[in-house]
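Student: Let me begin by handing over the structure; questions about it come next.
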Amino acid sequence: MHSKRSRLDRFISAHCAIKRKDIRLLLAQGRVQVDGVRATDVDLQVDQFSHITLDQRVLQERSASYVMLHKPVGVVSATRDVEHQTVLDLMARPDRAELHLAGRLDLNSSGLMLLTNDGQWSRRLTAPESKLPKRYRVTLGKPLTRDYVDAFARGFYFPYEGITTLPARLEILSDHCAEVILCEGKYHQIKRMFGRFRNPVLKLHRTAIGQLELDPELKPGESRDLTCHELALLAEESASI
């Protein structure tokens, strides 16, 4: 999960059992390439996604993966579980075992999830200080009133954690359906917030993370790689926070 960077000479030494003092000669002879370019500096920083060759022999060839998944209800947000099907079980891609979750959804919640093999990217998206907004469509057991809108905007005090939630936006879509936008993700937060009104959440579906919306063409259980445009949307938003 971690995105580690290291000096080029250290990488070659570790992978080829070559003394670091001898690597300068390899570079001078033009025998090493990084991302298709002849490498000349032993101090060059490489990471887990750098394409590195020595004498045209590939030492590392790994691409970053950024995946959008439409999580169905009943699938657990984990890479392994002895009782339930996991989000990774839904995928047939060859790099599945390298992926980890960039955020979670409850077992009985559905919607947009992100997975990656880039630890630095996922940490940036999920760090508490990022406050990246997440949008949910919520179906309730009882009718909604204006009181909900005001209470969500004020925040709720959770005595177990000793915290007050950040202001959240609630828009009433119909008597029993609302759109909620949160900038944090406390344990079962939405269910607990509606619980203050003794109003049970029947369905919880995440439709967007920041400006990235769940692809309407993705059926529950389906996934695809993020496009360059979608990656740029997330990068732009996380950088501005």
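We name chains A, B, ... following the order of the structure tokens; residues begin at 1 in each chain, and ligands are numbered from 1 as shown.
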As a ChimeraX atom specification, please: every residue in region 98-232 of chain A that a backbone DSSP assignment puts in strand (DSSP E or B).
Tutor: /A:100-101,110-116,134-140,157-158,163-164,169-174,177-182,201-209,212-213,223-225
Student: Using backbone DSSP assignments, extract all alpha helix (DSSP H) residues from region 28-142 of chain A; output them as a list in words.
Tutor: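 Restricting region 28-142 of chain A to alpha helix (DSSP H) produces Ala28, Gly119, Gln120, Trp121, Ser122, Arg123, Arg124, Leu125 and Thr126 of chain A.
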Student: Export C-alpha atoms of the chosen residues as an mmCIF file, in the first residue's frame?
Tutor:
```
data_model
loop_
_atom_site.group_PDB
_atom_site.id
_atom_site.type_symbol
_atom_site.label_atom_id
_atom_site.label_comp_id
_atom_site.auth_asym_id
_atom_site.auth_seq_id
_atom_site.Cartn_x
_atom_site.Cartn_y
_atom_site.Cartn_z
ATOM 1 C CA ALA A 28 28.026 5.841 -17.662
ATOM 2 C CA GLY A 119 -0.766 4.169 -1.525
ATOM 3 C CA GLN A 120 0.156 7.821 -1.763
ATOM 4 C CA TRP A 121 -2.955 8.566 -3.834
ATOM 5 C CA SER A 122 -5.321 6.737 -1.489
ATOM 6 C CA ARG A 123 -3.859 8.360 1.613
ATOM 7 C CA ARG A 124 -4.337 11.788 0.074
ATOM 8 C CA LEU A 125 -8.010 11.056 -0.663
ATOM 9 C CA THR A 126 -8.873 9.462 2.675
#
```
Student: List as a Markdown table every residue of region 122-169 of chain A that is in contact with region 177-197 of chain A, defined as an atom at most 8 Å from one of its atoms (using only C-alpha atoms), together with the nearest atom pair and the distance in Å rounded to one decimal, sorted by chain and then rising number.
Tutor:
```
| residue | atom | partner | partner_atom | distance |
| --- | --- | --- | --- | --- |
| A:Pro128 | CA | A:Glu184 | CA | 6.8 |
| A:Lys131 | CA | A:Cys183 | CA | 4.6 |
| A:Leu132 | CA | A:Cys183 | CA | 5.5 |
| A:Pro133 | CA | A:Cys183 | CA | 4.3 |
| A:Lys134 | CA | A:Leu182 | CA | 5.4 |
| A:Arg135 | CA | A:Ile181 | CA | 4.4 |
| A:Tyr136 | CA | A:Val180 | CA | 5.2 |
| A:Arg137 | CA | A:Glu179 | CA | 4.6 |
| A:Val138 | CA | A:Ala178 | CA | 5.3 |
| A:Thr139 | CA | A:Cys177 | CA | 4.6 |
| A:Leu140 | CA | A:Cys177 | CA | 6.1 |
| A:Leu144 | CA | A:Cys177 | CA | 7.7 |
| A:Phe152 | CA | A:Met193 | CA | 7.7 |
| A:Phe156 | CA | A:Met193 | CA | 6.9 |
| A:Leu166 | CA | A:Cys183 | CA | 7.2 |
| A:Pro167 | CA | A:Leu182 | CA | 7.8 |
| A:Ala168 | CA | A:Leu182 | CA | 5.2 |
| A:Arg169 | CA | A:Ile181 | CA | 5.2 |
```
Student: Using only C-alpha atoms, find the one residue out of A:Lys142, A:Arg206, A:Arg31, A:His100 that sits nearest to Val58 (chain A).
Tutor: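 For Val58 (chain A), the nearest of the candidates is A:Arg31.
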Student: Which residues are close to Ser63 (chain A), i.e. within 12 Å by only C-alpha atoms, leaving aside same-chain residues fewer than 3 positions away? Reply as an NGL selection string.
Tutor: :A and (35 or 47-52 or 60 or 66 or 94-95 or 98-99 or 116-118)
Student: List as a list in words the protein and nucleic acid residues near Val75 (chain A), meaning an atom at most 7 Å away when only C-alpha atoms are counted, but skip any in the same chain fewer than 3 places from it.
Tutor: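 Answer for this query is Pro72, His84, Gln85, Thr86, Val87 and Leu107 of chain A.
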Student: Please write the residues from the selection above to a file, keeping C-alpha atoms, as a compact mmCIF listing (two decimals), in the first residue's frame.
Tutor:
```txt
# COMPACT_ATOMS: atom_id res chain seq x y z
CA PRO A 72 -23.64 -3.70 -4.35
CA HIS A 84 -18.89 -12.32 3.02
CA GLN A 85 -18.01 -11.65 -0.58
CA THR A 86 -15.52 -8.79 -0.79
CA VAL A 87 -15.18 -5.99 -3.32
CA LEU A 107 -22.03 -3.90 4.20
```
Student: Just want the 8 Å neighbourhood of Leu234 (chain A), counted on only C-alpha atoms, with same-chain residues fewer than 6 positions away dropped. Output as a list in words.
Tutor: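 Everything that qualifies: Gly210, Gln211 and Leu212 of chain A.
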Student: Pull C-alpha atoms from the residues just selected and write them as a PDB file, in the first residue's frame.
Tutor:
```pdb
ATOM      1  CA  GLY A 210     -15.793  15.208  -4.780  1.00  0.00           C
ATOM      2  CA  GLN A 211     -16.588  15.995  -8.423  1.00  0.00           C
ATOM      3  CA  LEU A 212     -16.250  12.325  -9.398  1.00  0.00           C
TER       4      LEU A 212
END
```
Student: From the list A:Ser109, A:Leu101, A:Asp225, A:Thr164, which residue is nearest Val201 (chain A) when using only C-alpha atoms?
Tutor: A:Ser109
Student: Show me, as an MDAnalysis selection string, the residues that have an atom within 12 Å of region 227-230 of chain A when counting only C-alpha atoms, minus same-chain residues fewer than 6 positions from it.
Tutor: chainID A and resid 65:68 114 208:215 236:237
Student: Restricted to C-alpha atoms, what would the selected residues look like written as an mmCIF file, in the first residue's frame?
Tutor:
```
data_model
loop_
_atom_site.group_PDB
_atom_site.id
_atom_site.type_symbol
_atom_site.label_atom_id
_atom_site.label_comp_id
_atom_site.auth_asym_id
_atom_site.auth_seq_id
_atom_site.Cartn_x
_atom_site.Cartn_y
_atom_site.Cartn_z
ATOM 1 C CA SER A 65 -4.225 1.429 -11.230
ATOM 2 C CA TYR A 66 -7.157 3.646 -10.254
ATOM 3 C CA VAL A 67 -10.484 1.843 -10.287
ATOM 4 C CA MET A 68 -14.121 2.900 -9.924
ATOM 5 C CA LEU A 114 -12.394 3.616 -5.354
ATOM 6 C CA ALA A 208 -20.137 10.934 -5.805
ATOM 7 C CA ILE A 209 -16.746 11.606 -4.219
ATOM 8 C CA GLY A 210 -15.793 15.208 -4.780
ATOM 9 C CA GLN A 211 -16.588 15.995 -8.423
ATOM 10 C CA LEU A 212 -16.250 12.325 -9.398
ATOM 11 C CA GLU A 213 -19.675 10.785 -9.972
ATOM 12 C CA LEU A 214 -20.528 7.103 -10.160
ATOM 13 C CA ASP A 215 -20.739 6.084 -13.827
ATOM 14 C CA GLU A 236 -7.734 19.279 -8.617
ATOM 15 C CA GLU A 237 -10.160 19.003 -5.720
#
```
Student: Could you tell me which of A:Met91, A:Ala151, A:Ser13, A:Thr40 comes closest to Leu25 (chain A) if we count only C-alpha atoms?
Tutor: A:Thr40
Student: Which one of A:Asp106, A:Asp55, A:Asp43, A:Glu61 sits closest to Leu204 (chain A) if you count only C-alpha atoms?
Tutor: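 When distances to Leu204 (chain A) are compared using only C-alpha atoms, the smallest one comes from A:Asp106.
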